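File shown: target-v4.txt (compact mmCIF, C-alpha atoms).
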```
# COMPACT_ATOMS: atom_id res chain seq x y z
CA MET A 84 27.98 94.89 -141.41
CA THR A 85 29.74 92.06 -143.19
CA TYR A 86 32.69 90.13 -141.89
CA ILE A 87 35.48 90.34 -144.47
CA PRO A 88 38.07 87.62 -143.87
CA ASN A 89 40.46 88.81 -146.57
CA LYS A 90 41.19 92.24 -145.10
CA PRO A 91 43.41 94.18 -144.77
CA ASP A 92 44.65 94.58 -148.35
CA THR A 93 48.29 94.41 -149.08
CA GLY A 94 50.38 97.42 -149.96
CA LYS A 95 47.95 100.02 -148.72
CA SER A 96 48.17 102.30 -145.78
CA PRO A 97 46.64 100.65 -142.70
CA LYS A 98 44.31 103.54 -142.25
CA LEU A 99 42.48 102.57 -145.46
CA ASP A 100 41.37 99.28 -143.94
CA ALA A 101 41.21 100.32 -140.32
CA SER A 102 37.42 100.54 -140.37
CA LYS A 103 37.14 97.08 -141.92
CA ILE A 104 39.49 95.61 -139.35
CA LYS A 105 37.46 97.15 -136.57
CA ASN A 106 34.33 95.93 -138.29
CA ASN A 107 35.62 92.35 -138.35
CA PHE A 108 36.54 92.46 -134.70
CA SER A 109 33.18 93.97 -133.85
CA ILE A 110 31.22 91.33 -135.75
CA PHE A 111 33.19 88.53 -134.19
CA GLN A 112 32.60 89.90 -130.72
CA THR A 113 28.88 90.29 -131.39
CA VAL A 114 28.41 86.88 -132.95
CA PHE A 115 30.56 85.11 -130.42
CA GLY A 116 28.43 86.65 -127.69
CA LYS A 117 25.52 84.56 -128.94
CA ASP A 118 25.36 81.12 -127.31
CA HIS A 119 28.71 81.82 -125.64
CA VAL A 120 29.93 83.74 -122.62
CA PRO A 121 31.03 87.05 -124.19
CA LEU A 122 34.61 88.03 -124.74
CA ASN A 123 36.25 89.98 -121.93
CA THR A 124 34.04 88.44 -119.24
CA ALA A 125 34.68 85.69 -116.75
CA ASN A 126 34.41 82.21 -118.28
CA GLN A 127 34.70 83.63 -121.78
CA GLY A 128 34.60 80.82 -124.30
CA ASP A 129 32.10 78.75 -122.34
CA HIS A 130 28.70 78.15 -123.82
CA SER A 131 25.91 80.01 -122.07
CA THR A 132 23.24 78.31 -124.15
CA ILE A 133 23.03 76.37 -127.37
CA ILE A 134 20.61 77.38 -130.07
CA PHE A 135 20.44 74.89 -132.91
CA THR A 136 19.31 75.89 -136.36
CA ALA A 137 17.38 72.96 -137.81
CA ARG A 138 19.49 71.27 -140.43
CA ALA A 139 18.34 70.13 -143.85
CA ASN A 140 20.57 67.05 -143.78
CA ILE A 141 22.03 64.59 -141.31
CA PRO A 142 25.58 65.52 -140.34
CA VAL A 143 28.48 63.15 -140.62
CA THR A 144 29.69 61.69 -137.35
CA PRO A 145 33.22 62.76 -136.45
CA GLU A 146 35.76 59.99 -136.62
CA ASN A 147 36.23 59.91 -132.88
CA GLY A 148 33.04 61.16 -131.28
CA SER A 149 29.35 61.90 -131.64
CA VAL A 150 27.36 64.74 -133.13
CA LEU A 151 24.37 66.64 -131.72
CA TYR A 152 22.07 68.50 -134.05
CA SER A 153 18.51 69.60 -134.71
CA ARG A 154 16.40 68.45 -137.61
CA GLN A 155 12.77 68.61 -138.63
CA ALA A 156 11.16 65.39 -137.49
CA PRO A 157 7.68 64.03 -138.14
CA SER A 158 5.31 63.09 -135.37
CA LYS A 159 1.59 62.66 -134.92
CA ALA A 160 1.38 66.39 -134.21
CA GLY A 161 3.16 67.38 -137.41
CA ILE A 162 6.75 68.25 -138.21
CA GLN A 163 8.84 70.05 -135.64
CA PRO A 164 12.56 70.49 -135.04
CA GLN A 165 13.93 67.98 -132.54
CA LEU A 166 17.33 67.32 -131.04
CA PHE A 167 19.18 64.28 -132.36
CA LEU A 168 22.34 62.46 -131.39
CA ARG A 169 24.23 60.49 -133.98
CA PRO A 170 26.80 58.15 -132.49
CA PRO A 171 29.73 56.54 -134.30
CA ASP A 172 29.55 53.08 -135.81
CA PHE A 173 30.33 50.42 -133.29
CA LEU A 174 28.29 47.31 -133.98
CA PRO A 175 28.80 44.40 -134.15
CA THR A 176 30.43 43.64 -130.83
CA ASN A 177 31.46 40.36 -129.26
CA GLN A 178 28.05 40.29 -127.54
CA ASP A 179 25.80 41.72 -130.26
CA SER A 180 26.30 40.49 -133.82
CA THR A 181 23.95 43.08 -135.32
CA THR A 182 25.45 45.21 -138.06
CA ILE A 183 23.86 48.64 -138.46
CA ASP A 184 24.70 52.13 -139.54
CA SER A 185 25.09 54.86 -136.94
CA THR A 186 21.43 55.77 -136.91
CA PRO A 187 20.48 59.16 -135.45
CA MET A 188 18.49 58.93 -132.24
CA GLN A 189 15.83 61.50 -131.40
CA LEU A 190 16.40 62.81 -127.87
CA THR A 191 13.49 65.21 -127.43
CA TYR A 192 9.86 65.95 -127.98
CA ASN A 193 8.12 69.27 -127.65
CA THR A 194 5.57 68.50 -124.96
CA VAL A 195 5.36 66.90 -121.56
CA ASN A 196 2.35 66.71 -119.30
CA LEU A 197 3.00 66.94 -115.57
CA THR A 198 -0.59 66.73 -114.37
CA ALA A 199 -3.08 63.92 -113.89
CA PRO A 200 -4.77 61.95 -115.20
CA ILE A 201 -2.46 61.39 -118.22
CA PHE A 202 1.16 62.09 -117.37
CA GLN A 203 3.39 62.18 -120.41
CA SER A 204 7.06 62.46 -121.17
CA PHE A 205 9.39 61.12 -123.85
CA LEU A 206 12.16 58.59 -124.22
CA ILE A 207 15.27 58.49 -126.37
CA GLY A 208 14.50 57.07 -129.78
CA GLY A 209 11.33 59.00 -130.57
CA TYR A 210 8.98 57.48 -128.00
CA PHE A 211 6.22 58.87 -125.86
CA ILE A 212 5.89 57.44 -122.38
CA TYR A 213 2.58 57.86 -120.58
CA PHE A 214 1.64 56.89 -117.08
CA GLY A 215 -1.11 57.42 -114.54
CA SER A 216 -3.60 55.79 -112.25
CA VAL A 217 -7.32 55.22 -112.20
CA SER A 218 -9.23 54.89 -108.94
CA GLY A 219 -12.78 54.21 -107.89
CA MET A 220 -13.08 50.99 -109.88
CA THR A 221 -15.04 47.94 -108.83
CA ALA A 222 -14.96 44.35 -109.95
CA GLY A 223 -17.45 41.61 -109.46
CA ILE A 224 -17.44 37.96 -110.22
CA ASP A 225 -17.73 38.25 -113.94
CA ILE A 226 -15.12 39.40 -116.35
CA LYS A 227 -15.76 42.97 -117.19
CA THR A 228 -14.22 45.74 -119.25
CA VAL A 229 -13.39 48.33 -116.68
CA ASP A 230 -11.81 51.24 -118.43
CA VAL A 231 -10.49 52.66 -121.65
CA VAL A 232 -7.44 54.86 -121.22
CA ILE A 233 -7.19 57.52 -123.93
CA LEU A 234 -3.71 58.91 -124.43
CA VAL A 235 -3.00 62.59 -125.02
CA PRO A 236 -1.13 63.53 -127.14
CA ALA A 237 -1.98 60.66 -129.41
CA PRO A 238 0.99 58.57 -130.51
CA THR A 239 1.61 57.65 -134.10
CA LYS A 240 1.60 54.03 -132.98
CA LEU A 241 0.89 52.61 -129.55
CA ILE A 242 3.19 49.68 -128.99
CA PHE A 243 3.11 48.88 -125.30
CA ALA A 244 0.76 49.20 -122.33
CA GLN A 245 0.71 47.79 -118.83
CA ALA A 246 -1.66 48.01 -115.90
CA ALA A 247 -1.63 46.60 -112.40
CA PRO A 248 -4.17 46.69 -109.59
CA ASN A 249 -2.73 48.48 -106.59
CA THR A 250 -5.58 48.81 -104.12
CA VAL A 251 -7.98 46.07 -103.21
CA THR A 252 -10.47 46.33 -100.39
CA SER A 253 -10.49 42.66 -99.51
CA SER A 254 -7.37 40.54 -99.59
CA SER A 255 -9.34 37.34 -99.91
CA ALA A 256 -11.34 38.66 -102.79
CA ALA A 257 -8.13 39.81 -104.45
CA GLN A 258 -6.92 36.28 -104.90
CA ASN A 259 -6.62 35.44 -108.58
CA PHE A 260 -7.53 39.01 -109.42
CA THR A 261 -5.84 39.76 -112.71
CA ILE A 262 -5.76 42.68 -115.10
CA ALA A 263 -5.14 42.48 -118.81
CA VAL A 264 -4.66 45.22 -121.36
CA GLN A 265 -5.66 45.25 -124.97
CA LEU A 266 -4.58 47.74 -127.62
CA ASN A 267 -7.23 49.15 -129.86
CA THR A 268 -7.00 47.68 -133.34
CA THR A 269 -8.37 50.73 -135.12
CA THR A 270 -6.98 53.69 -133.20
CA ASN A 271 -3.56 54.20 -131.70
CA ASP A 272 -4.51 56.53 -128.90
CA ARG A 273 -6.13 54.13 -126.42
CA PHE A 274 -6.05 50.81 -124.69
CA THR A 275 -8.59 48.80 -122.75
CA VAL A 276 -8.08 47.51 -119.23
CA THR A 277 -10.00 44.39 -118.29
CA THR A 278 -10.26 42.59 -114.97
CA SER A 279 -10.56 38.89 -114.41
CA GLY A 280 -13.35 39.13 -111.88
CA ASN A 281 -12.59 38.16 -108.32
CA ASN A 282 -14.06 34.69 -107.99
CA ARG A 283 -16.00 35.86 -104.95
CA SER A 284 -19.58 36.95 -104.52
CA ALA A 285 -18.59 40.33 -103.12
CA ILE A 286 -17.78 43.31 -105.25
CA ILE A 287 -14.32 44.65 -104.56
CA ALA A 288 -13.03 48.19 -104.96
CA TYR A 289 -9.69 48.75 -106.55
CA SER A 290 -7.56 51.19 -108.46
CA PHE A 291 -4.92 50.50 -111.02
CA THR A 292 -1.77 52.15 -112.25
CA TRP A 293 -0.75 52.00 -115.84
CA MET A 294 2.03 52.86 -118.25
CA ALA A 295 2.15 53.02 -122.04
CA ILE A 296 4.76 53.69 -124.70
CA GLY A 297 4.17 54.74 -128.29
CA THR A 298 6.05 56.33 -131.12
CA VAL A 299 5.82 60.12 -131.39
CA MET B 180 45.84 77.17 -150.22
CA SER B 181 47.66 76.36 -147.04
CA GLN B 182 45.87 76.44 -143.72
CA PRO B 183 46.28 79.88 -142.16
CA ILE B 184 47.88 79.99 -138.72
CA PHE B 185 46.18 82.07 -136.07
CA ASP B 186 48.63 84.36 -134.31
CA PRO B 187 47.14 86.08 -131.27
CA ASN B 188 50.18 88.34 -130.98
CA ILE B 189 49.39 90.59 -133.93
CA PRO B 190 50.35 93.34 -134.32
CA GLN B 191 53.42 92.53 -132.32
CA PHE B 192 54.67 96.09 -132.01
CA LEU B 193 52.77 99.32 -131.93
CA ASN B 194 54.78 100.70 -134.81
CA ASP B 195 54.47 97.63 -137.04
CA ALA B 196 53.78 98.62 -140.58
CA LEU B 197 50.95 96.89 -142.33
CA SER B 198 53.43 95.60 -144.84
CA VAL B 199 54.88 93.59 -141.98
CA THR B 200 51.72 92.33 -140.35
CA GLN B 201 49.24 92.20 -143.20
CA LYS B 202 49.60 88.48 -143.77
CA SER B 203 49.18 87.75 -140.09
CA PHE B 204 46.03 89.87 -140.00
CA LEU B 205 44.69 88.01 -142.98
CA ASP B 206 45.53 84.68 -141.43
CA ASN B 207 43.85 85.62 -138.19
CA PHE B 208 40.67 86.86 -139.81
CA MET B 209 40.53 83.89 -142.13
CA THR B 210 41.12 81.47 -139.27
CA LEU B 211 38.35 83.02 -137.21
CA PHE B 212 36.05 82.89 -140.19
CA MET B 213 36.83 79.25 -140.95
CA ILE B 214 36.73 77.86 -137.44
CA TYR B 215 33.52 79.68 -136.69
CA ASN B 216 31.94 78.07 -139.73
CA ARG B 217 32.45 74.73 -138.04
CA ASN B 218 29.39 73.82 -135.97
CA HIS B 219 28.01 77.38 -136.32
CA GLU B 220 26.05 79.45 -138.77
CA SER B 221 28.44 81.51 -140.84
CA LEU B 222 29.61 84.81 -139.42
CA ASN B 223 27.72 86.61 -142.18
CA SER B 224 24.53 84.60 -141.83
CA ASN B 225 21.45 86.29 -140.44
CA ARG B 226 21.52 83.50 -137.87
CA ALA B 227 25.17 84.00 -137.03
CA GLY B 228 25.90 82.70 -133.56
CA ASN B 229 23.49 79.77 -133.76
CA HIS B 230 24.85 76.26 -133.87
CA THR B 231 24.24 74.05 -136.89
CA ASN B 232 25.43 71.03 -134.95
CA ILE B 233 27.88 70.18 -132.22
CA GLU B 234 30.60 67.69 -132.87
CA LEU B 235 31.62 66.14 -129.58
CA LEU B 236 35.03 64.58 -129.75
CA ASN B 237 35.60 61.79 -127.30
CA GLN B 238 37.13 62.70 -123.99
CA SER B 239 39.14 60.04 -122.26
CA ASN B 240 38.47 61.47 -118.81
CA SER B 241 35.56 63.11 -117.03
CA ILE B 242 35.43 66.84 -117.66
CA GLU B 243 35.65 69.07 -114.63
CA THR B 244 32.81 71.43 -113.84
CA ASN B 245 32.85 74.45 -111.57
CA VAL B 246 29.93 75.63 -109.48
CA SER B 247 27.20 77.04 -111.77
CA GLU B 248 28.46 75.00 -114.69
CA ILE B 249 27.05 71.82 -116.19
CA ASN B 250 28.70 69.93 -118.97
CA LEU B 251 27.63 67.78 -121.91
CA TYR B 252 30.36 65.82 -123.63
CA ALA B 253 31.22 62.57 -125.34
CA LYS B 254 33.31 60.15 -123.37
CA SER B 255 35.19 57.22 -124.78
CA ILE B 256 35.02 53.81 -123.18
CA ASN B 257 37.86 51.78 -124.53
CA ASP B 258 37.97 48.88 -122.13
CA ARG B 259 34.37 47.68 -122.50
CA PRO B 260 33.88 46.24 -125.99
CA ASN B 261 30.09 46.12 -125.79
CA ASP B 262 29.67 49.77 -124.93
CA LEU B 263 29.12 52.53 -127.39
CA PRO B 264 32.61 53.94 -128.01
CA SER B 265 31.30 57.49 -127.73
CA ARG B 266 28.98 58.00 -124.79
CA PHE B 267 26.86 61.14 -124.60
CA THR B 268 27.54 62.20 -121.03
CA PHE B 269 26.28 64.83 -118.61
CA ARG B 270 28.07 66.08 -115.54
CA TYR B 271 26.52 68.20 -112.84
CA GLN B 272 28.08 71.35 -111.33
CA GLY B 273 31.09 71.29 -109.04
CA ASN B 274 32.49 68.04 -110.44
CA GLY B 275 29.23 66.42 -109.45
CA LYS B 276 27.67 63.19 -110.56
CA GLU B 277 28.37 62.08 -114.10
CA PHE B 278 25.55 60.45 -116.07
CA THR B 279 25.61 58.51 -119.28
CA TYR B 280 22.67 59.58 -121.40
CA VAL B 281 23.06 57.17 -124.29
CA PRO B 282 25.02 53.96 -123.68
CA TYR B 283 24.16 52.15 -126.89
CA GLN B 284 22.85 52.48 -130.42
CA ILE B 285 19.09 52.18 -130.86
CA TYR B 286 18.09 50.10 -133.84
CA ASP B 287 15.00 48.31 -135.08
CA LEU B 288 14.75 44.78 -133.74
CA ILE B 289 13.47 42.06 -136.01
CA SER B 290 10.50 40.14 -134.65
CA VAL B 291 11.38 36.70 -133.34
CA ASN B 292 8.55 34.17 -133.01
CA GLY B 293 5.98 36.93 -133.13
CA SER B 294 7.39 39.10 -130.37
CA LYS B 295 7.49 42.88 -130.88
CA ASP B 296 10.57 44.23 -129.18
CA PHE B 297 11.94 47.71 -128.59
CA PHE B 298 14.52 49.29 -126.37
CA THR B 299 15.56 52.72 -125.20
CA PHE B 300 17.54 54.30 -122.36
CA LEU B 301 17.17 56.32 -119.22
CA PRO B 302 19.87 58.70 -117.98
CA GLY B 303 22.31 56.89 -115.75
CA ASN B 304 23.17 53.94 -117.96
CA PHE B 305 19.81 52.22 -117.75
CA LEU B 306 18.46 50.18 -120.60
CA VAL B 307 14.70 49.78 -121.00
CA TYR B 308 13.37 46.79 -122.90
CA PHE B 309 9.70 46.86 -123.79
CA GLY B 310 7.23 45.26 -126.15
CA SER B 311 4.95 42.29 -126.37
CA ILE B 312 5.28 38.53 -126.33
CA PRO B 313 2.63 36.45 -128.11
CA GLY B 314 0.87 33.60 -126.41
CA PRO B 315 1.09 30.85 -125.58
CA SER B 316 4.86 31.42 -125.49
CA PRO B 317 7.67 32.90 -127.53
CA ILE B 318 8.24 29.63 -129.31
CA GLY B 319 4.64 28.58 -129.64
CA GLN B 320 4.85 26.06 -126.82
CA PRO B 321 3.42 26.11 -123.30
CA SER B 322 6.75 27.48 -122.17
CA GLY B 323 9.65 29.07 -123.93
CA ILE B 324 12.68 31.27 -123.74
CA PHE B 325 12.35 34.95 -124.37
CA GLU B 326 15.63 36.57 -125.35
CA LEU B 327 16.57 40.10 -124.36
CA ARG B 328 17.88 42.08 -127.27
CA PRO B 329 20.37 43.67 -127.44
CA PRO B 330 22.02 41.15 -125.08
CA ILE B 331 23.86 43.68 -122.93
CA ALA B 332 21.96 43.60 -119.61
CA LYS B 333 24.43 43.25 -116.75
CA ASN B 334 21.75 43.40 -114.08
CA ILE B 335 17.96 43.17 -114.23
CA ALA B 336 16.63 45.97 -112.04
CA SER B 337 12.94 45.46 -112.74
CA ALA B 338 10.77 43.21 -114.89
CA VAL B 339 7.02 43.62 -115.17
CA PHE B 340 4.68 41.55 -117.31
CA THR B 341 1.01 42.27 -117.96
CA PRO B 342 -1.39 39.86 -119.67
CA LEU B 343 -2.34 41.03 -123.14
CA GLY B 344 -5.81 40.45 -124.45
CA ILE B 345 -9.42 41.29 -123.93
CA THR B 346 -9.76 38.59 -121.29
CA PRO B 347 -7.23 38.23 -118.49
CA LEU B 348 -6.42 34.60 -117.83
CA GLN B 349 -3.39 34.46 -115.63
CA ASN B 350 -0.22 36.36 -114.96
CA PRO B 351 2.67 34.72 -116.80
CA THR B 352 5.12 32.62 -114.90
CA VAL B 353 8.46 34.30 -115.41
CA GLN B 354 11.96 33.30 -114.44
CA ILE B 355 15.07 35.29 -115.23
CA LEU B 356 17.69 32.75 -116.16
CA PRO B 357 21.23 33.03 -114.79
CA ALA B 358 23.66 35.34 -116.50
CA THR B 359 26.01 34.01 -119.14
CA ASP B 360 29.43 35.65 -119.37
CA GLY B 361 28.13 38.45 -117.18
CA TYR B 362 25.03 39.23 -119.25
CA PHE B 363 21.41 38.39 -118.53
CA THR B 364 19.97 37.42 -121.90
CA LYS B 365 17.17 34.91 -121.36
CA ILE B 366 13.85 34.82 -119.53
CA GLN B 367 11.81 31.67 -119.12
CA ILE B 368 8.16 32.34 -119.91
CA GLY B 369 5.75 29.74 -118.60
CA ASP B 370 6.51 26.71 -116.49
CA PRO B 371 7.94 23.73 -118.43
CA ASP B 372 6.56 21.43 -115.72
CA GLN B 373 3.03 22.74 -116.22
CA PRO B 374 2.39 22.24 -119.94
CA ASN B 375 -1.36 22.61 -119.48
CA PHE B 376 -1.02 26.17 -118.25
CA ALA B 377 0.26 28.01 -121.26
CA PRO B 378 0.97 31.64 -120.45
CA GLN B 379 -1.16 34.31 -122.00
CA ALA B 380 0.37 36.82 -124.38
CA CYS B 381 1.80 39.70 -122.42
CA PHE B 382 3.35 43.11 -122.57
CA TYR B 383 6.71 43.44 -120.86
CA LEU B 384 8.89 46.21 -119.54
CA ILE B 385 12.33 45.42 -118.20
CA VAL B 386 14.83 47.89 -116.80
CA ALA B 387 18.44 46.79 -116.74
CA ASN B 388 21.87 48.16 -116.03
CA THR B 389 24.20 48.10 -119.01
```

Could I get this file's structure written as structure tokens?
Amino acid sequence: MTYIPNKPDTGKSPKLDASKIKNNFSIFQTVFGKDHVPLNTANQGDHSTIIFTARANIPVTPENGSVLYSRQAPSKAGIQPQLFLRPPDFLPTNQDSTTIDSTPMQLTYNTVNLTAPIFQSFLIGGYFIYFGSVSGMTAGIDIKTVDVVILVPAPTKLIFAQAAPNTVTSSSAAQNFTIAVQLNTTTNDRFTVTTSGNNRSAIIAYSFTWMAIGTV
Amino acid sequence: MSQPIFDPNIPQFLNDALSVTQKSFLDNFMTLFMIYNRNHESLNSNRAGNHTNIELLNQSNSIETNVSEINLYAKSINDRPNDLPSRFTFRYQGNGKEFTYVPYQIYDLISVNGSKDFFTFLPGNFLVYFGSIPGPSPIGQPSGIFELRPPIAKNIASAVFTPLGITPLQNPTVQILPATDGYFTKIQIGDPDQPNFAPQACFYLIVANT
């Protein structure tokens, strides 16, 4: 069936176009029932869901508002459709002198990981955020590389990592106990956590929590 | 071609002849066809019903939601010149809590004194600054001022710094400097009174209210 917007014809008997008129109404009811609460039901006109067809181009922002859309976006895992928001121009302001175009911002990614040891979600702007904890570690007097955290899924570029000790068996031994992180210079999927040593003769047990952010 | 006017009252009478109502029928069908082409796949597309995009025109007030409804909309903020004028906003069912999803425009920050700076948002009007600061300080001195960009933090909720490097030396001395004109924009890295203890390079993550 094809929707025909220029029916009925002029000058003819209505019965000649009756089927086309019914056809138009039928198509509209069927199509409108997709993504929307159907006609003739409570809340008709509301959206029940929103399915985006991935666009080939970036839409223009309305003069007084924002635009949501889907577009194919690259990531380390390939190219997938993602949801974007493009806001209106507004910079510079009296606090921020930067002048920029209304750049689309990626709102989504297609995976999260809700289980240990590598929890993963995403942030607005096309970022992965990873977090987790590592237990059962020990530190002695000497500086020592204690762990390499490997991130899954791998980011295109790892740009930030933090770690902090959160359990120490001896408070006195914990004095001056410091952790540092180092990004890997050759691969973007990992960082190294290093302790300072504890300045005491005893070995201490500790765990650490960590967080990392990379581009998708 | 003039814009057709949709008339929901067509045909007006059961015995209307098509010669009377034909133009109104045409206008109605054409209007439906045209308006549905906005933001949607065309009515005759094999993906008819899908959205191609959603233009969200600014609402000046919060949109009401009934039970079992949630709402996404754009809300204008006209009295706060440093806020995005069109905020992507979510409201929970039953006129519940309203959240700002995106309070600002993300853009690439230019490195200043070797720092690598980024920012993003969390639902609820939170701004997240993150990146790295080179040692021994942002300005190559034992201590220096690190500037938050964009400078729109009205409250620092959390600030965490982790030494960066293969060898941990010491946690950086950090002081959030007082707000200027209502915005926290500067953080002192290192202690100016201890020039022999230059802070190590560090990663930072700061959560702020905008």

Between B:Tyr215, B:Tyr283, B:Phe208, B:Phe297, which has the minimum distance to chain A (counting only C-alpha atoms)?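 Among the listed residues, B:Phe208 lies closest to chain A.
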
Given the choices B:Pro357, B:Pro330, B:Gly293, B:Gly275, which gets closest to chain A if the distance is worked out from only C-alpha atoms?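 Using only C-alpha atoms, the shortest distance to chain A belongs to B:Pro330.
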
Give the residues of chain B that lie within 6 Å of chain A; count only C-alpha atoms, and format the answer as a PyMOL selection string. chain B and resi 197+205+208-209+223+227-237+261+265+299+310+341-345+347

Nearest residue to Ile256 of chain B out of B:Gln201, B:Asn240, B:Ser311, B:Thr210, using all atoms listed in the file?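 Answer, going by the shortest atom-to-atom distance: B:Asn240.
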
What separation in Å, quoted to one decimal, exists between atom CA of Ser337 of chain B and atom CA of Ala222 of chain A?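 Here the two named atoms are 28.1 Å from each other.
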
Considering only C-alpha atoms, return as an MDAnalysis selection string whatever protein or nucleic-acid residues lie within 10 Å of Pro190 of chain B, sequence-local ones (same chain, fewer than 6 positions apart) excluded. chainID B and resid 196:197 199:201 203:204

Give the padded box for segment 270-278 of chain B as JSON: axis-aligned, covering all atoms listed in the file, 5 Å on each side, centre and edge lengths in Å to one decimal.
```
{"center_x": 29.0, "center_y": 65.9, "center_z": -112.6, "size_x": 16.9, "size_y": 20.9, "size_z": 17.0}
```

Counting all atoms listed in the file, the residue among B:Ser198, B:Asn207, B:Ser294, B:Asn250 that lies closest to Pro183 of chain B is B:Asn207

Mind checking which residues fall within 7 Å of Gln155 of chain A, counting only C-alpha atoms, ignoring those fewer than 4 positions away in the same chain, and posting them as JSON, numbers by chain? {"A": [137, 162, 163, 164, 165]}

How would the residues just picked look written out with C-alpha atoms as a tab-separated table (two decimals), keeping the file's coordinate frame?
```
chain	number	residue	atom	x	y	z
A	137	ALA	CA	17.38	72.96	-137.81
A	162	ILE	CA	6.75	68.25	-138.21
A	163	GLN	CA	8.84	70.05	-135.64
A	164	PRO	CA	12.56	70.49	-135.04
A	165	GLN	CA	13.93	67.98	-132.54
```

Can you pull out the residues contacting Phe300 of chain B? Cut-off 10 Å, using all atoms listed in the file, and skip same-chain residues under 6 positions away; I want them as a ChimeraX atom specification. /A:206-208 /B:279-285,306-308,386-389

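The interatomic distance for the pair atom CA of Asn292 of chain B and atom CA of Gln354 of chain B works out to 18.9 Å.
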
Hey, which of B:Ile385, B:Leu288, B:Gly369, B:Pro260 ends up closest to Phe305 of chain B? Count all atoms listed in the file.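 Ranking B:Ile385, B:Leu288, B:Gly369, B:Pro260 by distance to Phe305 of chain B, first place goes to B:Ile385.
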
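Rounded to one decimal, atom CA of Phe202 of chain A and atom CA of Leu301 of chain B lie 17.1 Å from each other.
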
Pick out the closest residue to Gln349 of chain B from this set: B:Gly361, B:Pro378, B:Pro329, B:Gly323. Count all atoms listed in the file. B:Pro378
